[in-house]
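One structure below.
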Amino acid sequence: MKNFVSVNDVSNIDALVQKALAYKANPYIDKTLGTNKRIGCLFLNPSMRTRLSTQIAAQNLGMEPIIFNVGSEGWMLEFEEEAIMSGTTVEHVKDAAPVFGKYFDILAIRTFPSLKNREDDYSELYIKQFIKYAGIPVVSLESSTLHPLQSLTDIITITEELEKSKIINLKPKIVLTWAPHVKPLPQCVANSFAQWVNAWGKADFVITHPEDYELSGEFTKGATVTHDQNEALKDADFVYVKNWSTFNDYGKIYESDPRWMLTNKKLAITNNAKVMHCLPVRRNVELSDEILDGSNSIITQEAANRVWAAQAVLSEILRNNG
Ligand code: CP
């Protein structure tokens with residue numbers, strides 16, 4: 001593995017999942033792998049879990065993590081080639097990224113989409129420019145369209161639950177359901193979850209959302225898509241709850257019907273499904289208190305697993321880029 005920006009950087013998902021679970025069982029087994037190595041974690045946007053879990057993962061491997069809040073503390077970066085920088089941007093990524101490449105051994109970056117121009121967001125210009133100009137491995141801490149560390153975590157958590165329930169040979173039914181929200185949110189988590197579950201290929205995968213909330217077929221191809229949430233939830237083993245804004249008429253909120261929020265009544269349709277969410281979550285808008293505080297929620301376990309996902313990825317990169 002050279003970079004980690006999507007599932008396409010992973011040659012064997014199950015092997016990476018097992019590596020992460022091995023780190024969960026024994027966090028310090030590779031505590032000298034990253035000795036004298038440094039990871040720069042650049043945040044153009046806020047984060048809690050991604051920031052902390054990546055720091056912990058790096059430290060478990062003996063690496064030094066340095067956090068830089070570019071969005072609030074750094075110079076405003078320009079990403080367009082041949083830009084005439086007479087506006088608000090102060091430094092071109094072409095000049096900044098090679099400097100990061102000299103300071104660090106691995107560069108990790110979080111950016112969000114603008115949700116204004118779909119073509120720009122889906123071009124993934126920011127992360128591509130860092131890959132082009134940094135000259136060192138790049139890890140996505142969430143980009144304009146994907147959140148691969150979250151999705152790896154999600155597959156780890158599902159695998160862990162399947163191993164716990166000893167139904168590892170059965171094909172679980174996994175449902176990704178849209179949920180209401182007060183703000184237009186990126187499609188990253190939903191895109192990425194769909195991309196990883198499809199690539200993993202070990203589930204009966206159903207996506208449910210209101211009309212007009214179709215995600216890009218690039219990521220959902222292979223899944224069953226329905227607008228009937230109750231039909232989708234029937235016999236589900238895992239329900240992944242997430243809001244996203246519209247993809248076609250880009251970045252809009254068309255629907256906020258509270259009946260799309262998962263409740264215990266809806267959970268009764270499922271096969272006693274485990275409920276997942278990447279967090280942060282708006283209580284009683286996106287997910288009900290009764291689900292979040294109930295025994296089917298594996299959301300805290302899921303967030304805790306972010307450490308092992310990050311540790312497995314950093315370990316792969318350290319081994320392959322000595
Ligand atoms: N799930 C997730 O990425 O959380 P943060 O935004 O807090 O990092």
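We name chains A, B, ... following the order of the structure tokens; residues begin at 1 in each chain, and ligands are numbered from 1 as shown.
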Show me a table, sorted first by chain and then by increasing residue number, of the residues of segment 147-238 of chain A having an atom at most 9 Å from segment 306-320 of chain A, each with its shortest atom pair and the distance in Å to one decimal, counting only C-alpha atoms and written as a Markdown table.
| residue | atom | partner | partner_atom | distance |
| --- | --- | --- | --- | --- |
| A:Leu149 | CA | A:Ala309 | CA | 6.3 |
| A:Gln150 | CA | A:Arg306 | CA | 6.8 |
| A:Leu152 | CA | A:Ala309 | CA | 6.1 |
| A:Thr153 | CA | A:Ala309 | CA | 5.4 |
| A:Asp154 | CA | A:Arg306 | CA | 8.6 |
| A:Ile156 | CA | A:Ala309 | CA | 7.6 |
Q) Residues within 8 Å of ligand 1 (only C-alpha atoms and all ligand atoms), as a ChimeraX atom specification? A) /A:46-52,141-142,147,150,278-280,303
Go ahead and dump the residues you just picked, C-alpha atoms, as a PDB file, in the first residue's frame.
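Wrote it out as selection-v2.pdb, contents follow:
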ATOM      1  CA  PRO A  46     -13.124  19.856  12.203  1.00  0.00           C
ATOM      2  CA  SER A  47     -12.784  16.329  13.606  1.00  0.00           C
ATOM      3  CA  MET A  48     -12.850  14.487  16.912  1.00  0.00           C
ATOM      4  CA  ARG A  49     -12.643  10.719  16.270  1.00  0.00           C
ATOM      5  CA  THR A  50     -10.446  10.803  13.176  1.00  0.00           C
ATOM      6  CA  ARG A  51      -7.955  13.156  14.766  1.00  0.00           C
ATOM      7  CA  LEU A  52      -7.637  11.296  18.077  1.00  0.00           C
ATOM      8  CA  LEU A 141      -8.809  11.328   6.861  1.00  0.00           C
ATOM      9  CA  GLU A 142     -11.993  11.967   4.814  1.00  0.00           C
ATOM     10  CA  HIS A 147     -14.140   8.357   4.168  1.00  0.00           C
ATOM     11  CA  GLN A 150     -14.418   5.087   8.617  1.00  0.00           C
ATOM     12  CA  CYS A 278     -20.114   7.072  12.200  1.00  0.00           C
ATOM     13  CA  LEU A 279     -20.801   9.942  14.661  1.00  0.00           C
ATOM     14  CA  PRO A 280     -21.263  12.794  15.326  1.00  0.00           C
ATOM     15  CA  ALA A 303     -15.906   4.608  17.089  1.00  0.00           C
TER      16      ALA A 303
END
Contact table segment 157-223 of chain A vs segment 255-259 of chain A, cut-off 8 Å, shortest pair per residue, only C-alpha atoms, as a Markdown table:
| residue | atom | partner | partner_atom | distance |
| --- | --- | --- | --- | --- |
| A:Pro180 | CA | A:Ser256 | CA | 4.9 |
| A:His181 | CA | A:Ser256 | CA | 6.6 |
| A:Val182 | CA | A:Ser256 | CA | 7.6 |
| A:Pro210 | CA | A:Glu255 | CA | 7.4 |
(Q) Using Å and a single decimal, report how far atom CA of Ala273 of chain A sits from atom CA of Asn296 of chain A. (A)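 Result for atom CA of Asn296 of chain A versus atom CA of Ala273 of chain A: 6.6 Å, one decimal.
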I'd like the contact shell of segment 69-72 of chain A - 7 Å cut-off, only C-alpha atoms, skipping same-chain residues fewer than 2 positions apart - returned as an mmCIF file with N, CA and C atoms, in the first residue's frame.
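Saved the output as part-v5.cif:
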data_model
loop_
_atom_site.group_PDB
_atom_site.id
_atom_site.type_symbol
_atom_site.label_atom_id
_atom_site.label_comp_id
_atom_site.auth_asym_id
_atom_site.auth_seq_id
_atom_site.Cartn_x
_atom_site.Cartn_y
_atom_site.Cartn_z
ATOM 1 N N LEU A 42 -3.079 16.835 8.639
ATOM 2 C CA LEU A 42 -3.553 18.160 8.256
ATOM 3 C C LEU A 42 -5.074 18.183 8.263
ATOM 4 N N PHE A 43 -5.620 19.106 9.004
ATOM 5 C CA PHE A 43 -7.083 19.215 9.070
ATOM 6 C C PHE A 43 -7.524 20.537 8.455
ATOM 7 N N LEU A 44 -8.231 20.423 7.330
ATOM 8 C CA LEU A 44 -8.850 21.621 6.755
ATOM 9 C C LEU A 44 -10.248 21.803 7.317
ATOM 10 N N ASN A 45 -10.716 20.798 8.083
ATOM 11 C CA ASN A 45 -12.077 20.815 8.658
ATOM 12 C C ASN A 45 -12.051 20.185 10.040
ATOM 13 N N ILE A 67 -0.179 17.349 14.558
ATOM 14 C CA ILE A 67 -1.468 17.813 14.037
ATOM 15 C C ILE A 67 -1.327 19.271 13.590
ATOM 16 N N GLY A 74 -3.396 27.695 9.462
ATOM 17 C CA GLY A 74 -2.397 27.793 8.389
ATOM 18 C C GLY A 74 -2.757 28.860 7.377
ATOM 19 N N TRP A 75 -1.886 29.021 6.392
ATOM 20 C CA TRP A 75 -2.180 29.906 5.269
ATOM 21 C C TRP A 75 -3.257 29.277 4.414
#
Q: as a ChimeraX atom specification, please: all residues of segment 36-221 of chain A that backbone DSSP puts in helix (DSSP H, G or I).
A: /A:49-60,70-73,93-103,118-122,125-134,148-165,188-200,217-220
Q: May I have the residues within 12 Å of Glu91 of chain A as number ranges by chain, using only C-alpha atoms and disregarding those fewer than 4 positions away in the same chain?
A: A: 70, 74-80, 83-87, 95-97, 99
Keeping only all heavy atoms, write the selected residues to a file as a short mmCIF file (atom, residue, chain, number, x, y, z; two decimals), in the first residue's frame.
data_model
loop_
_atom_site.label_atom_id
_atom_site.label_comp_id
_atom_site.auth_asym_id
_atom_site.auth_seq_id
_atom_site.Cartn_x
_atom_site.Cartn_y
_atom_site.Cartn_z
N VAL A 70 -4.78 23.23 9.37
CA VAL A 70 -4.54 24.14 8.24
C VAL A 70 -5.72 25.11 8.07
O VAL A 70 -5.52 26.30 7.81
CB VAL A 70 -4.38 23.36 6.90
CG1 VAL A 70 -3.87 24.27 5.81
CG2 VAL A 70 -3.48 22.17 7.07
N GLY A 74 -3.40 27.70 9.46
CA GLY A 74 -2.40 27.79 8.39
C GLY A 74 -2.76 28.86 7.38
O GLY A 74 -3.80 29.51 7.46
N TRP A 75 -1.89 29.02 6.39
CA TRP A 75 -2.18 29.91 5.27
C TRP A 75 -3.26 29.28 4.41
O TRP A 75 -3.29 28.06 4.25
CB TRP A 75 -0.92 30.13 4.41
CG TRP A 75 0.23 30.73 5.17
CD1 TRP A 75 1.42 30.13 5.43
CD2 TRP A 75 0.29 32.03 5.73
NE1 TRP A 75 2.23 30.98 6.15
CE2 TRP A 75 1.56 32.16 6.35
CE3 TRP A 75 -0.60 33.11 5.81
CZ2 TRP A 75 1.97 33.31 7.01
CZ3 TRP A 75 -0.19 34.26 6.47
CH2 TRP A 75 1.07 34.35 7.06
N MET A 76 -4.11 30.10 3.85
CA MET A 76 -5.17 29.55 3.00
C MET A 76 -4.56 29.03 1.70
O MET A 76 -3.86 29.76 0.99
CB MET A 76 -6.25 30.59 2.70
CG MET A 76 -7.46 29.93 2.06
SD MET A 76 -8.76 31.08 1.66
CE MET A 76 -9.43 31.42 3.27
N LEU A 77 -4.81 27.74 1.44
CA LEU A 77 -4.16 27.07 0.31
C LEU A 77 -4.94 27.23 -0.99
O LEU A 77 -6.17 27.21 -1.00
CB LEU A 77 -3.98 25.58 0.61
CG LEU A 77 -2.97 25.22 1.70
CD1 LEU A 77 -3.04 23.73 2.00
CD2 LEU A 77 -1.56 25.61 1.28
N GLU A 78 -4.18 27.32 -2.09
CA GLU A 78 -4.75 27.32 -3.45
C GLU A 78 -4.49 25.94 -4.06
O GLU A 78 -3.41 25.39 -3.89
CB GLU A 78 -4.06 28.42 -4.28
CG GLU A 78 -4.45 28.46 -5.74
CD GLU A 78 -5.94 28.77 -5.92
OE1 GLU A 78 -6.39 29.80 -5.43
OE2 GLU A 78 -6.63 27.93 -6.55
N PHE A 79 -5.48 25.39 -4.75
CA PHE A 79 -5.33 24.04 -5.32
C PHE A 79 -5.38 24.03 -6.84
O PHE A 79 -4.97 23.06 -7.46
CB PHE A 79 -6.41 23.11 -4.75
CG PHE A 79 -6.20 22.80 -3.28
CD1 PHE A 79 -6.72 23.63 -2.30
CD2 PHE A 79 -5.44 21.71 -2.90
CE1 PHE A 79 -6.50 23.36 -0.96
CE2 PHE A 79 -5.22 21.43 -1.56
CZ PHE A 79 -5.75 22.25 -0.59
N GLU A 80 -5.92 25.09 -7.46
CA GLU A 80 -6.08 25.10 -8.92
C GLU A 80 -4.73 25.31 -9.59
O GLU A 80 -3.97 26.22 -9.20
CB GLU A 80 -7.02 26.24 -9.36
CG GLU A 80 -8.46 26.06 -8.91
CD GLU A 80 -9.18 24.90 -9.59
OE1 GLU A 80 -8.72 24.45 -10.66
OE2 GLU A 80 -10.18 24.44 -9.02
N ALA A 83 -3.37 28.99 -11.19
CA ALA A 83 -4.22 30.02 -10.57
C ALA A 83 -3.46 31.34 -10.51
O ALA A 83 -2.25 31.36 -10.28
CB ALA A 83 -4.61 29.59 -9.17
N ILE A 84 -4.17 32.44 -10.74
CA ILE A 84 -3.58 33.77 -10.50
C ILE A 84 -4.02 34.13 -9.09
O ILE A 84 -5.20 34.39 -8.83
CB ILE A 84 -4.09 34.80 -11.53
CG1 ILE A 84 -3.62 34.37 -12.93
CG2 ILE A 84 -3.58 36.20 -11.18
CD1 ILE A 84 -4.26 35.13 -14.06
N MET A 85 -3.08 34.10 -8.15
CA MET A 85 -3.45 34.14 -6.74
C MET A 85 -3.59 35.58 -6.23
O MET A 85 -2.89 36.01 -5.32
CB MET A 85 -2.44 33.33 -5.92
CG MET A 85 -2.57 31.84 -6.21
SD MET A 85 -1.27 30.82 -5.48
CE MET A 85 -1.36 31.29 -3.76
N SER A 86 -4.55 36.29 -6.81
CA SER A 86 -4.78 37.68 -6.39
C SER A 86 -5.96 37.78 -5.44
O SER A 86 -6.38 38.88 -5.07
CB SER A 86 -5.04 38.54 -7.64
OG SER A 86 -6.12 37.99 -8.36
N GLY A 87 -6.52 36.63 -5.01
CA GLY A 87 -7.68 36.64 -4.11
C GLY A 87 -7.29 36.31 -2.69
O GLY A 87 -6.31 36.85 -2.16
N ASP A 95 3.54 24.47 -3.64
CA ASP A 95 4.67 24.94 -2.82
C ASP A 95 4.62 24.35 -1.41
O ASP A 95 5.66 24.05 -0.83
CB ASP A 95 4.65 26.47 -2.73
CG ASP A 95 4.69 27.10 -4.11
OD1 ASP A 95 5.60 26.74 -4.89
OD2 ASP A 95 3.80 27.93 -4.42
N ALA A 96 3.41 24.19 -0.87
CA ALA A 96 3.29 23.72 0.52
C ALA A 96 3.51 22.21 0.64
O ALA A 96 4.20 21.74 1.56
CB ALA A 96 1.91 24.08 1.07
N ALA A 97 2.92 21.43 -0.29
CA ALA A 97 2.97 19.97 -0.16
C ALA A 97 4.40 19.42 -0.16
O ALA A 97 4.71 18.54 0.66
CB ALA A 97 2.13 19.32 -1.26
N VAL A 99 6.96 20.78 1.03
CA VAL A 99 7.54 21.08 2.35
C VAL A 99 7.05 20.04 3.37
O VAL A 99 7.83 19.49 4.14
CB VAL A 99 7.16 22.52 2.80
CG1 VAL A 99 7.74 22.81 4.18
CG2 VAL A 99 7.64 23.54 1.77
#
Q: Show which residues sit within 12 Å of Asp120 of chain A, as a list in words. Count only C-alpha atoms, and ignore same-chain residues fewer than 3 positions away.
A: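 The contact residues come out as Phe79, Glu80, Phe112, Pro113, Ser114, Leu115, Lys116, Asn117, Ser123, Glu124, Leu125, Tyr126, Ser144, Thr145 and Tyr250 of chain A.
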Can you write just those residues out, N, CA and C atoms, as an mmCIF file, in the first residue's frame?
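Result file out06.cif:
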data_model
loop_
_atom_site.group_PDB
_atom_site.id
_atom_site.type_symbol
_atom_site.label_atom_id
_atom_site.label_comp_id
_atom_site.auth_asym_id
_atom_site.auth_seq_id
_atom_site.Cartn_x
_atom_site.Cartn_y
_atom_site.Cartn_z
ATOM 1 N N PHE A 79 -5.475 25.386 -4.754
ATOM 2 C CA PHE A 79 -5.327 24.042 -5.319
ATOM 3 C C PHE A 79 -5.383 24.027 -6.841
ATOM 4 N N GLU A 80 -5.924 25.086 -7.461
ATOM 5 C CA GLU A 80 -6.079 25.099 -8.918
ATOM 6 C C GLU A 80 -4.725 25.312 -9.590
ATOM 7 N N PHE A 112 -13.242 18.565 3.280
ATOM 8 C CA PHE A 112 -14.664 18.332 3.033
ATOM 9 C C PHE A 112 -15.021 18.884 1.651
ATOM 10 N N PRO A 113 -16.165 18.439 1.102
ATOM 11 C CA PRO A 113 -16.622 19.048 -0.151
ATOM 12 C C PRO A 113 -17.250 20.410 0.097
ATOM 13 N N SER A 114 -17.317 21.217 -0.965
ATOM 14 C CA SER A 114 -17.998 22.511 -0.853
ATOM 15 C C SER A 114 -19.514 22.310 -0.842
ATOM 16 N N LEU A 115 -19.978 21.219 -1.471
ATOM 17 C CA LEU A 115 -21.398 20.925 -1.724
ATOM 18 C C LEU A 115 -22.046 21.973 -2.632
ATOM 19 N N LYS A 116 -21.189 22.751 -3.332
ATOM 20 C CA LYS A 116 -21.727 23.767 -4.263
ATOM 21 C C LYS A 116 -21.579 23.299 -5.706
ATOM 22 N N ASN A 117 -20.447 22.677 -6.011
ATOM 23 C CA ASN A 117 -20.169 22.265 -7.382
ATOM 24 C C ASN A 117 -19.772 20.785 -7.383
ATOM 25 N N SER A 123 -14.091 15.616 -8.326
ATOM 26 C CA SER A 123 -12.760 15.509 -8.954
ATOM 27 C C SER A 123 -11.695 15.191 -7.902
ATOM 28 N N GLU A 124 -12.019 15.367 -6.626
ATOM 29 C CA GLU A 124 -11.087 15.098 -5.524
ATOM 30 C C GLU A 124 -9.754 15.836 -5.722
ATOM 31 N N LEU A 125 -9.873 17.094 -6.170
ATOM 32 C CA LEU A 125 -8.683 17.889 -6.482
ATOM 33 C C LEU A 125 -7.733 18.010 -5.280
ATOM 34 N N TYR A 126 -8.290 18.269 -4.090
ATOM 35 C CA TYR A 126 -7.425 18.545 -2.933
ATOM 36 C C TYR A 126 -6.494 17.376 -2.637
ATOM 37 N N SER A 144 -13.434 14.732 -0.215
ATOM 38 C CA SER A 144 -14.693 15.318 -0.700
ATOM 39 C C SER A 144 -15.783 14.277 -0.915
ATOM 40 N N THR A 145 -15.383 13.059 -1.295
ATOM 41 C CA THR A 145 -16.398 12.048 -1.644
ATOM 42 C C THR A 145 -16.311 10.759 -0.851
ATOM 43 N N TYR A 250 -27.319 18.856 -6.792
ATOM 44 C CA TYR A 250 -26.257 18.644 -5.805
ATOM 45 C C TYR A 250 -26.362 19.479 -4.512
#
Q: Can you work out which one of A:Gln229, A:Asn264, A:Ser245, A:Gln195 has the shortest atom-to-atom distance to Gly217 of chain A, counting only C-alpha atoms?
A: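 Nearest candidate to Gly217 of chain A out of A:Gln229, A:Asn264, A:Ser245, A:Gln195: A:Gln195.
Here atom CA of Glu82 of chain A and atom CA of Gln129 of chain A stand 12.9 Å from one another.
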Q: Determine, counting only C-alpha atoms, which protein, DNA and RNA residues have an atom within 8 Å of an atom of Phe4 of chain A; residues of the same chain fewer than 5 positions away are not included. Present the result as a VMD selection string.
A: chain A and resid 9 to 10 137 to 140 148 313
Let me see the file: selected residues, C-alpha atoms, as an mmCIF file, in the first residue's frame.
data_model
loop_
_atom_site.group_PDB
_atom_site.id
_atom_site.type_symbol
_atom_site.label_atom_id
_atom_site.label_comp_id
_atom_site.auth_asym_id
_atom_site.auth_seq_id
_atom_site.Cartn_x
_atom_site.Cartn_y
_atom_site.Cartn_z
ATOM 1 C CA ASP A 9 -5.727 0.948 -2.383
ATOM 2 C CA VAL A 10 -6.446 -2.282 -0.498
ATOM 3 C CA PRO A 137 2.427 8.400 1.167
ATOM 4 C CA VAL A 138 -0.914 10.156 1.647
ATOM 5 C CA VAL A 139 -3.749 8.911 3.872
ATOM 6 C CA SER A 140 -7.291 10.267 3.572
ATOM 7 C CA PRO A 148 -12.076 5.167 3.831
ATOM 8 C CA VAL A 313 -3.313 1.204 7.527
#
